[in-house]
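Trainee: What follows is a structure written as C-alpha cells; I'll ask about it next.
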Amino acid sequence: MIRAEELTFDYERLDEEGKVESRRRAVDHVNLHIRPGKFIAVLGHNGSGKSTLAKHINAILTPTEGTLWVDGMDTKDEEKLWNIRQDAGMVFQNPDNQIIGTVVEEDVGFGPENLGVPTDEIWERVEESLRTVGMLKYRHHSPNKLSGGQKQRVAIAGVMAMHPRCIVLDEPTAMLDPSGRASVIRTAQKLNQEEGITIVLITHYMEEVVEADHIFVMDDGKVVMQGSPAEIFSHVEELKKLRLDVPQATLLAYELQKRGIPLPDGILKNEELADQLCQLKSKM
Amino acid sequence: MLRDITLGQYYPAKSIIHQLDPRVKLVTTILYIISLFVAKGIAGYAVATVFLVMVVKMSKVPFRYITKGLKAVIMILMITVIFNLFMVNGEVELWRFGFLRITDKGLRTAVFMAIRLIYLIIGSSIMTLTTTPNDLTDGLEKLLGPLKKVRVPVHEIAMIMSIALRFIPILLEETDKIMKAQTARGADFESGNLIQKAKAMVPLLVPLFISAFRRANDLAMAMEARCYHGGDGRTKMKPLHYESRDKMAYGVSWGYLLLMAVLSFAQGFYGVMLL
C-alpha cells in the first residue's frame with residue numbers, strides 16, 4: 001500500500017533573494033512498508049518528523065531524496081497527483097481549519113465534487129459516509145456548532161466520501177477532550193475493521209495506539225523502533241529516553257517487575273494487568 | 001458584542017424562502033435595493049415595507065435575529081442621518097442654532113435615508129440568513145457565468161466568498177478570545193480617546209492576523225488534500241435548476257419593482273399630493 005525508500009525531506013529557509021539560507025532535516029532516510037488493511041500508528045514527540053512524514057503520503061510534500069509509493073504510484077509523479085490524493089485521504093489536527101462547507105453535508109460533498117463524481121452518487125456517498133462515522137443526524141447542521149470530536153468525525157466522513165483505500169490521520173485528537181478523542185479513535189478503528197481501509201494514525205497519545213497492528217516510533221526524523229504494541233511497550237526505558245509516555249498499565253507492570261513481581265512483558269491494558277495480578281494472587 | 005453581526009450567518013429553518021433558488025434570491029435582493037432607491041414618498045415606502053414584512057414572515061427567521069445585524073451599523077446610520085438632517089437645505093426652517101439648521105426637506109431626507117438603509121440591511125440579511133453560503137456562491141457563480149468568457153475567474157471569486165463567509169464566525173470568536181486574553185493581561189480597550197482606542201487595537205489585530213494567515217495556510221492544505229484544483233471538471237452536489245416556485249418568485253419581484261417604478265413616476269407627476 002505505502003512504501004518508502006530512503007525517504008528524506010529538508011525544510012528550506014530562503015533568504016530574501018530566494019536562495020537557500022539554511023536547511024533542517026525533518027525526515028531522515030526513512031524506510032517503511034505498510035500493507036493494505038492494517039492499522040498503523042506513528043509515534044513521536046513534537047518535532048520528530050511524524051507530521052512531515054504524513055504529509056508525504058498525501059503528496060502535499062514531495063521528498064528531497066528517496067521515493068514514496070502510494071499504491072504503486074510515485075508521489076513525485078505530477079500526473080498521478082490527484083489519484084494519490086484520492087487514494088490516500090488525510091485528516092488534519094485542527095478541526096476548524098479543514099472544514100470547507102458551512103453545512104455538514106456540503107462539506108462531506110466537497111471531495112467528491114472535486115473528483116467530478118455525478119450528483120446522484122455524491123448524495124449516496126455523503127449519506128453513506130455520514131452514517132459510517134455516526135453523524136448522519138447532524139447533516140443539516142452548521143459545523144461551527146459541533147464539538148471538536150464531532151467536527152473531526154465530519155472531516156473523516158469528508159475523506160471517506162472520496163472512497164480512499166488509506167486514511168492518514170495527522171494528530172486528529174490533539175485538540176480534543178477525552179471523550180471526543182475516544183470517539184474519533186473508535187471511528188478510525190471501525191473504518192479499519194469494517195471497511196478494510198488502511199489507517200495511518202499519527203499521534204503522541206499512547207492509549208490510542210495499543211490496538212494498532214504495527215507501530216513506528218520516530219525521533220529526530222528517523223524511525224527508531226518498530227513492531228507490535230506489545231513489543232514496543234516492553235522497552236519502557238527506551239521510550240522514556242525518547243520522551244514518550246507508556247500506557248499507565250504498562251508503566252505499573254514495569255515498576256512491579258522491577259520490584260520482583262513476576263509479570264510478563266507487554267501488558268497494555270488495565271484489564272490485562274488486572275487479570276495477570278489475579279492469577280498471581282491465586283497462585284500465592 | 002462581536003457576535004451580534006448576523007451578516008453572512010445562515011439561519012436554518014424550513015420555509016419557502018429557504019427553498020428558493022439562490023439565483024432568485026440574489027436577483028430579488030438586487031431588485032429590492034434598486035426599488036429602495038427608486039422609491040419616493042410615503043406610498044413607495046409603504047409598499048417596500050409591506051414587501052419586506054411579507055418576506056420576513058415567510059422566511060420564518062425570528063425578527064429579533066434579523067435586527068441584531070443592525071446594531072453593527074448603527075454608527076454609519078447615525079452619521080448619515082445627522083449629515084442629511086443638517087446639510088440638506090429646504091424652504092421651511094424648523095430649528096436653528098448658530099450655523100446649524102434643520103429644514104423640512106432635511107428632516108424628510110434624513111428619515112427616508114434611515115429607512116432606506118435599514119431596509120437595505122434587513123433585505124440583504126434575509127438573503128444571507130436564508131441561503132447557505134454554498135448556495136449563495138453557487139448562485140453567484142451561475143449568474144456571473146457569462147463573464148467567464150471574458151476571463152473573469154468566476155469560480156475562484158465564488159470560492160473566495162464562500163470561504164470568507166464560513167470564517168466570519170470563527171474569526172469573530174477568535175477576536176473575542178484574544179480580547180479577553182489581552183484584557184486579562186491588563187490591556188484596556190474601553191477608555192481613552194479615539195486615538196488611544198485605536199492604538200489599543202494593535203495588540204488585538206496582530207495576533208488575529210497571524211492566526212488568520214495560519215488558518216488560511218491550513219485550509220489551503222486541507223482543500224488540496226481533498227483534491228481541490230479549481231473549477232474545471234468539478235461536479236455539483238446541489239446543482240441549480242428552476243422550479244415553478246422560483247418562476248413565481250421572479251414574477252413577484254419584477255412585479256414589485258414595476259409597482260415601485262409606477263408609484264415613483266406617479267409621485268413625480270402629482271407632486272406633493274402624495275408627499
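In the C-alpha cells, chains take the letters A, B, ... in the order shown, each chain's residues start at 1, and ligands count up from 1 in the order shown.
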Mind checking DSSP for region 31-249 of chain B and telling me the helix (DSSP H, G or I) residues as a PyMOL selection string?

Mentor: chain B and resi 31-38+41-59+63-71+74-87+104-130+133-150+154-184+194-200+202-225+244-249

Trainee: Should the cut-off be 6 Å, what would the residue list for chain A against chain B look like, counting only C-alpha atoms, as a list in words?

Mentor: Trp82, Arg85, Asn97, Gln98, Thr102, Gly111, Glu113, Asn114, Gly116 and Thr119 of chain A

Trainee: Got a sec: who's within 9 Å of region 10-19 of chain A, counting only C-alpha atoms, leaving out chain neighbours fewer than 5 positions off, as a list in words?

Mentor: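 Near neighbours after the sequence-gap exclusion: Arg24, Arg25, Ala26, Val27, Asp28, Pro63, Thr64 and Glu65 of chain A.
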
Trainee: Find the residues near region 48-56 of chain B: any atom within 9 Å, counting only C-alpha atoms, skip ones fewer than 5 places away on the same chain, and give them as a PDB file with N, CA and C atoms, in the first residue's frame.

Mentor:
```
ATOM      1  N   ILE B  17     -38.918  30.636   1.551  1.00  0.00           N
ATOM      2  CA  ILE B  17     -37.781  31.479   1.187  1.00  0.00           C
ATOM      3  C   ILE B  17     -36.491  30.652   1.202  1.00  0.00           C
ATOM      4  N   TYR B  32     -34.713  44.616  -5.017  1.00  0.00           N
ATOM      5  CA  TYR B  32     -35.226  45.316  -3.838  1.00  0.00           C
ATOM      6  C   TYR B  32     -34.392  46.560  -3.541  1.00  0.00           C
ATOM      7  N   SER B  35     -35.234  49.133  -5.950  1.00  0.00           N
ATOM      8  CA  SER B  35     -36.555  49.694  -5.649  1.00  0.00           C
ATOM      9  C   SER B  35     -36.469  50.725  -4.525  1.00  0.00           C
ATOM     10  N   LEU B  36     -35.565  50.469  -3.563  1.00  0.00           N
ATOM     11  CA  LEU B  36     -35.434  51.413  -2.453  1.00  0.00           C
ATOM     12  C   LEU B  36     -34.927  52.768  -2.940  1.00  0.00           C
ATOM     13  N   ALA B  39     -37.779  54.452  -4.903  1.00  0.00           N
ATOM     14  CA  ALA B  39     -38.930  54.853  -4.088  1.00  0.00           C
ATOM     15  C   ALA B  39     -38.927  56.340  -3.776  1.00  0.00           C
ATOM     16  N   ALA B  43     -46.075  56.481  -0.101  1.00  0.00           N
ATOM     17  CA  ALA B  43     -46.682  55.316  -0.751  1.00  0.00           C
ATOM     18  C   ALA B  43     -45.618  54.297  -1.126  1.00  0.00           C
ATOM     19  N   VAL B  61     -37.615  33.425   9.911  1.00  0.00           N
ATOM     20  CA  VAL B  61     -36.470  33.835  10.728  1.00  0.00           C
ATOM     21  C   VAL B  61     -37.003  34.808  11.771  1.00  0.00           C
ATOM     22  N   PRO B  62     -36.708  34.567  13.067  1.00  0.00           N
ATOM     23  CA  PRO B  62     -37.228  35.486  14.076  1.00  0.00           C
ATOM     24  C   PRO B  62     -36.772  36.914  13.821  1.00  0.00           C
ATOM     25  N   PHE B  63     -37.676  37.874  13.986  1.00  0.00           N
ATOM     26  CA  PHE B  63     -37.385  39.260  13.666  1.00  0.00           C
ATOM     27  C   PHE B  63     -36.221  39.801  14.485  1.00  0.00           C
ATOM     28  N   ILE B  66     -32.916  39.109  13.023  1.00  0.00           N
ATOM     29  CA  ILE B  66     -32.572  39.965  11.887  1.00  0.00           C
ATOM     30  C   ILE B  66     -32.080  41.319  12.360  1.00  0.00           C
ATOM     31  N   TYR B 119     -33.773  49.170   5.676  1.00  0.00           N
ATOM     32  CA  TYR B 119     -34.408  48.173   4.807  1.00  0.00           C
ATOM     33  C   TYR B 119     -33.369  47.444   3.963  1.00  0.00           C
ATOM     34  N   ILE B 122     -31.689  44.948   6.248  1.00  0.00           N
ATOM     35  CA  ILE B 122     -32.597  43.841   6.551  1.00  0.00           C
ATOM     36  C   ILE B 122     -32.796  42.976   5.312  1.00  0.00           C
ATOM     37  N   GLY B 123     -32.976  43.638   4.177  1.00  0.00           N
ATOM     38  CA  GLY B 123     -33.188  42.895   2.931  1.00  0.00           C
ATOM     39  C   GLY B 123     -32.039  41.969   2.613  1.00  0.00           C
ATOM     40  N   ILE B 126     -31.738  39.073   5.114  1.00  0.00           N
ATOM     41  CA  ILE B 126     -32.686  38.000   4.844  1.00  0.00           C
ATOM     42  C   ILE B 126     -32.105  37.028   3.825  1.00  0.00           C
ATOM     43  N   TYR B 256     -43.164  43.650  -8.273  1.00  0.00           N
ATOM     44  CA  TYR B 256     -42.944  44.607  -7.187  1.00  0.00           C
ATOM     45  C   TYR B 256     -42.143  45.812  -7.657  1.00  0.00           C
ATOM     46  N   MET B 260     -43.240  49.749  -7.840  1.00  0.00           N
ATOM     47  CA  MET B 260     -42.461  50.821  -7.230  1.00  0.00           C
ATOM     48  C   MET B 260     -42.133  51.902  -8.254  1.00  0.00           C
TER      49      MET B 260
END
```

Trainee: My list of candidates is A:Ala161, A:Met218, A:Ile261, A:Ala274. Which is closest to Val117 (chain A) when distances are computed with only C-alpha atoms?

Mentor: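 Nearest to Val117 (chain A): A:Ala161.
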
Trainee: In Å, with one decimal, what is the gap from CA of Trp69 (chain A) to CA of Phe39 (chain A)?

Mentor: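 About the pair CA of Trp69 (chain A) and CA of Phe39 (chain A): they are 18.1 Å apart.
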
Trainee: Any chance you could list, as a PDB file with N, CA and C atoms, in the first residue's frame, the residues in region 93-127 of chain B that come up strand (DSSP E) when DSSP is run on the backbone?

Mentor:
```
ATOM      1  N   GLU B  93     -37.818  76.533   7.663  1.00  0.00           N
ATOM      2  CA  GLU B  93     -36.853  76.265   8.709  1.00  0.00           C
ATOM      3  C   GLU B  93     -37.569  75.820   9.973  1.00  0.00           C
ATOM      4  N   LEU B  94     -37.163  74.675  10.519  1.00  0.00           N
ATOM      5  CA  LEU B  94     -37.823  74.149  11.708  1.00  0.00           C
ATOM      6  C   LEU B  94     -37.087  74.516  12.989  1.00  0.00           C
ATOM      7  N   TRP B  95     -35.769  74.607  12.889  1.00  0.00           N
ATOM      8  CA  TRP B  95     -34.971  74.796  14.089  1.00  0.00           C
ATOM      9  C   TRP B  95     -33.648  75.414  13.688  1.00  0.00           C
ATOM     10  N   ARG B  96     -33.121  76.281  14.529  1.00  0.00           N
ATOM     11  CA  ARG B  96     -31.855  76.887  14.148  1.00  0.00           C
ATOM     12  C   ARG B  96     -31.021  77.148  15.397  1.00  0.00           C
ATOM     13  N   PHE B  97     -29.699  76.819  15.300  1.00  0.00           N
ATOM     14  CA  PHE B  97     -28.786  77.128  16.378  1.00  0.00           C
ATOM     15  C   PHE B  97     -27.442  77.456  15.740  1.00  0.00           C
ATOM     16  N   LEU B 100     -26.128  75.780  12.490  1.00  0.00           N
ATOM     17  CA  LEU B 100     -26.884  74.543  12.309  1.00  0.00           C
ATOM     18  C   LEU B 100     -28.346  74.870  12.105  1.00  0.00           C
ATOM     19  N   ARG B 101     -28.915  74.238  11.081  1.00  0.00           N
ATOM     20  CA  ARG B 101     -30.338  74.444  10.907  1.00  0.00           C
ATOM     21  C   ARG B 101     -30.982  73.181  10.335  1.00  0.00           C
ATOM     22  N   ILE B 102     -32.173  72.948  10.801  1.00  0.00           N
ATOM     23  CA  ILE B 102     -32.921  71.802  10.295  1.00  0.00           C
ATOM     24  C   ILE B 102     -34.100  72.334   9.514  1.00  0.00           C
ATOM     25  N   THR B 103     -34.249  71.806   8.290  1.00  0.00           N
ATOM     26  CA  THR B 103     -35.379  72.243   7.471  1.00  0.00           C
ATOM     27  C   THR B 103     -36.306  71.058   7.255  1.00  0.00           C
TER      28      THR B 103
END
```

Trainee: Near Ser211 (chain B), counting only C-alpha atoms, which residues have an atom at most 9 Å away, once you skip same-chain residues fewer than 5 positions from it, shown as a list in words?

Mentor: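 Surrounding residues, per the criterion: Leu171, Glu174, Val206 and Ala216 of chain B.
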
Trainee: Do you know which residues are at most 9 Å from region 212-216 of chain A counting only C-alpha atoms, after dropping those on the same chain fewer than 2 positions away, and could you put them as a PyMOL selection string?

Mentor: chain A and resi 32+34+38-44+189+201+208-210+218+223-229+232

Trainee: Produce a file of the selected residues containing C-alpha atoms, as a PDB file, in the first residue's frame.

Mentor:
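Below you can see selection18.pdb, which holds the result:
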```
ATOM      1  CA  LEU A  32       8.904   1.638   5.737  1.00  0.00           C
ATOM      2  CA  ILE A  34       2.637  -0.520   5.128  1.00  0.00           C
ATOM      3  CA  LYS A  38      -3.655  -2.572   8.540  1.00  0.00           C
ATOM      4  CA  PHE A  39      -3.999  -0.138  11.420  1.00  0.00           C
ATOM      5  CA  ILE A  40      -0.660   1.599  11.679  1.00  0.00           C
ATOM      6  CA  ALA A  41       0.402   4.073  14.327  1.00  0.00           C
ATOM      7  CA  VAL A  42       3.289   6.518  14.101  1.00  0.00           C
ATOM      8  CA  LEU A  43       4.522   7.768  17.450  1.00  0.00           C
ATOM      9  CA  GLY A  44       6.932  10.510  18.304  1.00  0.00           C
ATOM     10  CA  GLN A 189     -10.916   1.564  14.222  1.00  0.00           C
ATOM     11  CA  LEU A 201      -2.608   7.269  12.812  1.00  0.00           C
ATOM     12  CA  GLU A 208      -4.618   5.364  21.222  1.00  0.00           C
ATOM     13  CA  VAL A 209      -2.077   3.009  19.760  1.00  0.00           C
ATOM     14  CA  VAL A 210      -2.456  -0.103  21.913  1.00  0.00           C
ATOM     15  CA  MET A 218      10.082   8.304  15.229  1.00  0.00           C
ATOM     16  CA  VAL A 223      12.339   5.532  12.580  1.00  0.00           C
ATOM     17  CA  VAL A 224      13.977   4.340  15.790  1.00  0.00           C
ATOM     18  CA  MET A 225      11.676   1.478  16.794  1.00  0.00           C
ATOM     19  CA  GLN A 226       9.003  -0.546  15.121  1.00  0.00           C
ATOM     20  CA  GLY A 227       6.917  -3.560  15.989  1.00  0.00           C
ATOM     21  CA  SER A 228       3.641  -4.617  17.556  1.00  0.00           C
ATOM     22  CA  PRO A 229       2.360  -2.616  20.537  1.00  0.00           C
ATOM     23  CA  ILE A 232       7.232  -1.563  21.611  1.00  0.00           C
TER      24      ILE A 232
END
```

Trainee: Nearest to Gly101 (chain A): which of A:Leu115, A:Val70, A:Ala155, A:Ala249 is it, counting only C-alpha atoms?

Mentor: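 For Gly101 (chain A), the nearest of the given residues is A:Ala155.
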